[in-house]
Amino acid sequence: MSDAEVTLQAVLQRAEANERTSRRRAFIFSLIPTVVGLIFLGFTVVQIQAAQHELQSTSQQLSDTRNALATLEPLEQQTKQQLGDSQAALQQANQQRQEAEASRSQAEAKQQEAVVQQRQAEAAAQEANSKAAALQQQIADLDSQLKDRLQKGSITQFIIPPNEVLLSLKASCCNGSGELFNDIIRDQGVIRWNPVGVAPTDGFNSPNYATYVLRRRGLIGDQSSVNDLRVITSPDVGDIAVFNYGYTMFYFLDEGLKPFVIGMTPLDILALDPAGLGEPVEYLAVPR
Amino acid sequence: MAVNDVILNSLIRERRDIIRLQVVFASIVVSVGIIVIISGFASAAWASAEPLRAIFSLGGAFISTLSAFPISQMLTIRGQVALLVLMQAERSRLLSMTTAVDPKEIELLNQLFLQALGKAVAP
């Protein structure tokens, strides 16, 4: 074999080697994208399965939600109805609130007016109290003056002593007024003079005492007074004689048929000769 | 010899053109794969969907690996070019030696050369 033939044989072998290498390389290089493609395909399949599973789950949830929604629709209608009712009630409440506010405004105006009236009344009451205090002071002064005048002998000389009064009881009892006379004698020294008194514990003035005695004996009603008695011209034993200065005295006769009167005076309960009080203004008939 | 330098040069030039074409094609494929991967990571639209991002990455990788086919083809053709260059050199050397060789031997060399050329340029 010549040298040229050997060389060409070597070239031929090298060409064959290149061919084999090329085949292996083609196989290996084809394997790489195939493997990556399989991985890609597998991953995609897994993701699709996961997505399908999630889709099923979501579909199930959607179905449940639709069922729940269908269940809630009547409730929605009911809620809408309640909402409408609530709005109507709210409007009504607002209207009532406005009315209440108007009433409150009126009440506040009336309250302010009442406060003004109360202040005026308090001022008037204070003024009346001042006047009452002044009148009481005047009454006290007058009472004091009256007591002084009586004690200086204007009527003290006409006072009938107690013994003579007891004797007079015998003379007066025949006309049925003994019990009345006896009551008055028992009050003597117990009930005192009080120009503004209205109760036994406080004392009385003369008309109030006469009224008290008549009420206590049931001769007049609880709401009546001596002013309600009938006026007469000629008194009988037990009737009332009214004198100047308001002396309201019970009329009696002694054993000599001489008249005397007994009742409340500034010197407490006294039996007097009528001459000491002057001419009677009027006589009042006491019911029997 | 029946195969002259013009044919060999033509074969070599044709394969080098094929190599350039394969390089361009492989570069395009790799670039497309890389773009797909980057778009999967860079787009905010897939930020909340991790599986989609992984699919983009794997898809980009798959596209990039498709460049293995032109690369394999390019390497094979490079081997052919090297073999053709070697054969061209051997032919020149053999032509300088043919004056002392008888016609039978030259015919045998021609057959061997054609056989080697057939192996070298086989697809």
# chains A, B, ... in the order shown; residues from 1 in each chain; ligands from 1
>>> select_by_dssp(residues="region 13-215 of chain A", states="strand (DSSP E or B)", output="ChimeraX atom specification")
/A:159,193,198-199,203-204
>>> residues_around(residues="Gln80 (chain B)", least_positions_apart="6", cutoff="8 Å", atoms="only C-alpha atoms", output="list in words")
Ala15 and Asn18 of chain A; Arg15, Ala120 and Val121 of chain B
>>> closest_atom_pairs(of="chain B", to="chain A", cutoff="10 Å", atoms="only C-alpha atoms", output="JSON lines")
{"residue": "B:Pro51", "atom": "CA", "partner": "A:Gln47", "partner_atom": "CA", "distance": 6.9}
{"residue": "B:Leu52", "atom": "CA", "partner": "A:Gln47", "partner_atom": "CA", "distance": 8.8}
{"residue": "B:Ala54", "atom": "CA", "partner": "A:Phe43", "partner_atom": "CA", "distance": 8.6}
{"residue": "B:Ile55", "atom": "CA", "partner": "A:Thr44", "partner_atom": "CA", "distance": 6.8}
{"residue": "B:Phe56", "atom": "CA", "partner": "A:Phe40", "partner_atom": "CA", "distance": 9.5}
{"residue": "B:Ser57", "atom": "CA", "partner": "A:Phe40", "partner_atom": "CA", "distance": 9.1}
{"residue": "B:Leu58", "atom": "CA", "partner": "A:Phe40", "partner_atom": "CA", "distance": 5.5}
{"residue": "B:Gly59", "atom": "CA", "partner": "A:Phe40", "partner_atom": "CA", "distance": 6.6}
{"residue": "B:Gly60", "atom": "CA", "partner": "A:Phe40", "partner_atom": "CA", "distance": 9.8}
{"residue": "B:Ala61", "atom": "CA", "partner": "A:Val36", "partner_atom": "CA", "distance": 7.2}
{"residue": "B:Phe62", "atom": "CA", "partner": "A:Val36", "partner_atom": "CA", "distance": 5.5}
{"residue": "B:Ile63", "atom": "CA", "partner": "A:Pro33", "partner_atom": "CA", "distance": 7.9}
{"residue": "B:Ser64", "atom": "CA", "partner": "A:Pro33", "partner_atom": "CA", "distance": 8.2}
{"residue": "B:Thr65", "atom": "CA", "partner": "A:Pro33", "partner_atom": "CA", "distance": 4.9}
{"residue": "B:Leu66", "atom": "CA", "partner": "A:Pro33", "partner_atom": "CA", "distance": 5.6}
{"residue": "B:Ser67", "atom": "CA", "partner": "A:Pro33", "partner_atom": "CA", "distance": 8.5}
{"residue": "B:Ala68", "atom": "CA", "partner": "A:Phe29", "partner_atom": "CA", "distance": 5.3}
{"residue": "B:Phe69", "atom": "CA", "partner": "A:Phe29", "partner_atom": "CA", "distance": 6.3}
{"residue": "B:Pro70", "atom": "CA", "partner": "A:Phe29", "partner_atom": "CA", "distance": 9.4}
{"residue": "B:Ile71", "atom": "CA", "partner": "A:Phe29", "partner_atom": "CA", "distance": 8.3}
{"residue": "B:Ser72", "atom": "CA", "partner": "A:Ala26", "partner_atom": "CA", "distance": 5.9}
{"residue": "B:Gln73", "atom": "CA", "partner": "A:Ala26", "partner_atom": "CA", "distance": 7.6}
{"residue": "B:Leu75", "atom": "CA", "partner": "A:Ser22", "partner_atom": "CA", "distance": 7.9}
{"residue": "B:Thr76", "atom": "CA", "partner": "A:Ser22", "partner_atom": "CA", "distance": 5.4}
{"residue": "B:Ile77", "atom": "CA", "partner": "A:Ser22", "partner_atom": "CA", "distance": 9.0}
{"residue": "B:Gly79", "atom": "CA", "partner": "A:Asn18", "partner_atom": "CA", "distance": 6.5}
{"residue": "B:Gln80", "atom": "CA", "partner": "A:Asn18", "partner_atom": "CA", "distance": 7.7}
{"residue": "B:Ala82", "atom": "CA", "partner": "A:Ala15", "partner_atom": "CA", "distance": 9.9}
{"residue": "B:Leu83", "atom": "CA", "partner": "A:Ala15", "partner_atom": "CA", "distance": 6.9}
{"residue": "B:Leu84", "atom": "CA", "partner": "A:Ala15", "partner_atom": "CA", "distance": 9.5}
{"residue": "B:Leu86", "atom": "CA", "partner": "A:Val11", "partner_atom": "CA", "distance": 7.9}
{"residue": "B:Met87", "atom": "CA", "partner": "A:Val11", "partner_atom": "CA", "distance": 7.2}
{"residue": "B:Glu90", "atom": "CA", "partner": "A:Thr7", "partner_atom": "CA", "distance": 7.7}
{"residue": "B:Arg91", "atom": "CA", "partner": "A:Leu8", "partner_atom": "CA", "distance": 9.2}
{"residue": "B:Arg93", "atom": "CA", "partner": "A:Ala4", "partner_atom": "CA", "distance": 8.8}
{"residue": "B:Leu94", "atom": "CA", "partner": "A:Ala4", "partner_atom": "CA", "distance": 6.5}
{"residue": "B:Leu95", "atom": "CA", "partner": "A:Ala4", "partner_atom": "CA", "distance": 9.9}
{"residue": "B:Met97", "atom": "CA", "partner": "A:Ala4", "partner_atom": "CA", "distance": 8.6}
{"residue": "B:Thr98", "atom": "CA", "partner": "A:Ala4", "partner_atom": "CA", "distance": 9.6}
{"residue": "B:Val101", "atom": "CA", "partner": "A:Ser2", "partner_atom": "CA", "distance": 9.7}
{"residue": "B:Glu105", "atom": "CA", "partner": "A:Ser2", "partner_atom": "CA", "distance": 8.7}
{"residue": "B:Ile106", "atom": "CA", "partner": "A:Ala4", "partner_atom": "CA", "distance": 9.6}
{"residue": "B:Leu108", "atom": "CA", "partner": "A:Glu5", "partner_atom": "CA", "distance": 8.2}
{"residue": "B:Leu109", "atom": "CA", "partner": "A:Glu5", "partner_atom": "CA", "distance": 6.4}
{"residue": "B:Asn110", "atom": "CA", "partner": "A:Leu8", "partner_atom": "CA", "distance": 9.7}
{"residue": "B:Gln111", "atom": "CA", "partner": "A:Leu8", "partner_atom": "CA", "distance": 9.9}
{"residue": "B:Leu112", "atom": "CA", "partner": "A:Leu8", "partner_atom": "CA", "distance": 6.3}
{"residue": "B:Phe113", "atom": "CA", "partner": "A:Leu8", "partner_atom": "CA", "distance": 6.5}
{"residue": "B:Leu114", "atom": "CA", "partner": "A:Leu12", "partner_atom": "CA", "distance": 9.7}
{"residue": "B:Gln115", "atom": "CA", "partner": "A:Leu12", "partner_atom": "CA", "distance": 7.3}
{"residue": "B:Ala116", "atom": "CA", "partner": "A:Leu12", "partner_atom": "CA", "distance": 4.6}
{"residue": "B:Leu117", "atom": "CA", "partner": "A:Leu12", "partner_atom": "CA", "distance": 8.1}
{"residue": "B:Gly118", "atom": "CA", "partner": "A:Ala15", "partner_atom": "CA", "distance": 8.9}
{"residue": "B:Lys119", "atom": "CA", "partner": "A:Ala15", "partner_atom": "CA", "distance": 5.6}
{"residue": "B:Ala120", "atom": "CA", "partner": "A:Ala15", "partner_atom": "CA", "distance": 5.2}
{"residue": "B:Val121", "atom": "CA", "partner": "A:Ala15", "partner_atom": "CA", "distance": 8.8}
{"residue": "B:Ala122", "atom": "CA", "partner": "A:Glu19", "partner_atom": "CA", "distance": 8.1}
{"residue": "B:Pro123", "atom": "CA", "partner": "A:Glu19", "partner_atom": "CA", "distance": 8.8}
>>> atom_distance(atom1="CA of Arg216 (chain A)", atom2="CA of Asp183 (chain A)")
9.5 Å
>>> residues_around(residues="Asn227 (chain A)", least_positions_apart="6", cutoff="9 Å", atoms="only C-alpha atoms", output="ChimeraX atom specification")
/A:207,211,284
>>> write_last_selection(atoms="N, CA and C atoms", output="PDB file, in the first residue's frame")
ATOM      1  N   PRO A 207    -115.679  88.004 118.438  1.00  0.00           N
ATOM      2  CA  PRO A 207    -116.587  87.270 117.531  1.00  0.00           C
ATOM      3  C   PRO A 207    -116.161  85.831 117.328  1.00  0.00           C
ATOM      4  N   THR A 211    -118.349  82.396 118.022  1.00  0.00           N
ATOM      5  CA  THR A 211    -118.529  81.367 116.992  1.00  0.00           C
ATOM      6  C   THR A 211    -118.034  80.009 117.491  1.00  0.00           C
ATOM      7  N   LEU A 284    -128.403  89.103 117.916  1.00  0.00           N
ATOM      8  CA  LEU A 284    -128.428  87.944 117.019  1.00  0.00           C
ATOM      9  C   LEU A 284    -129.081  86.782 117.748  1.00  0.00           C
TER      10      LEU A 284
END
>>> atom_distance(atom1="CA of Val23 (chain B)", atom2="CA of Val36 (chain B)")
19.9 Å
>>> atom_distance(atom1="CA of Tyr245 (chain A)", atom2="CA of Glu179 (chain A)")
27.4 Å
>>> closest_residue(among="A:Glu108, A:Glu282, A:Glu73, A:Glu54", to="Thr233 (chain A)", atoms="only C-alpha atoms")
A:Glu282
>>> residues_around(residues="Asn205 (chain A)", least_positions_apart="5", cutoff="9 Å", atoms="only C-alpha atoms", output="ChimeraX atom specification")
/A:192-198,210,246-247,264-266,268
>>> select_by_dssp(residues="region 184-263 of chain A", states="alpha helix (DSSP H)", output="number ranges by chain")
A: 184-187, 206-216
>>> residues_around(residues="Ser234 (chain A)", least_positions_apart="3", cutoff="10 Å", atoms="only C-alpha atoms", output="JSON, numbers by chain")
{"A": [231, 239, 241, 282, 283, 284, 285]}
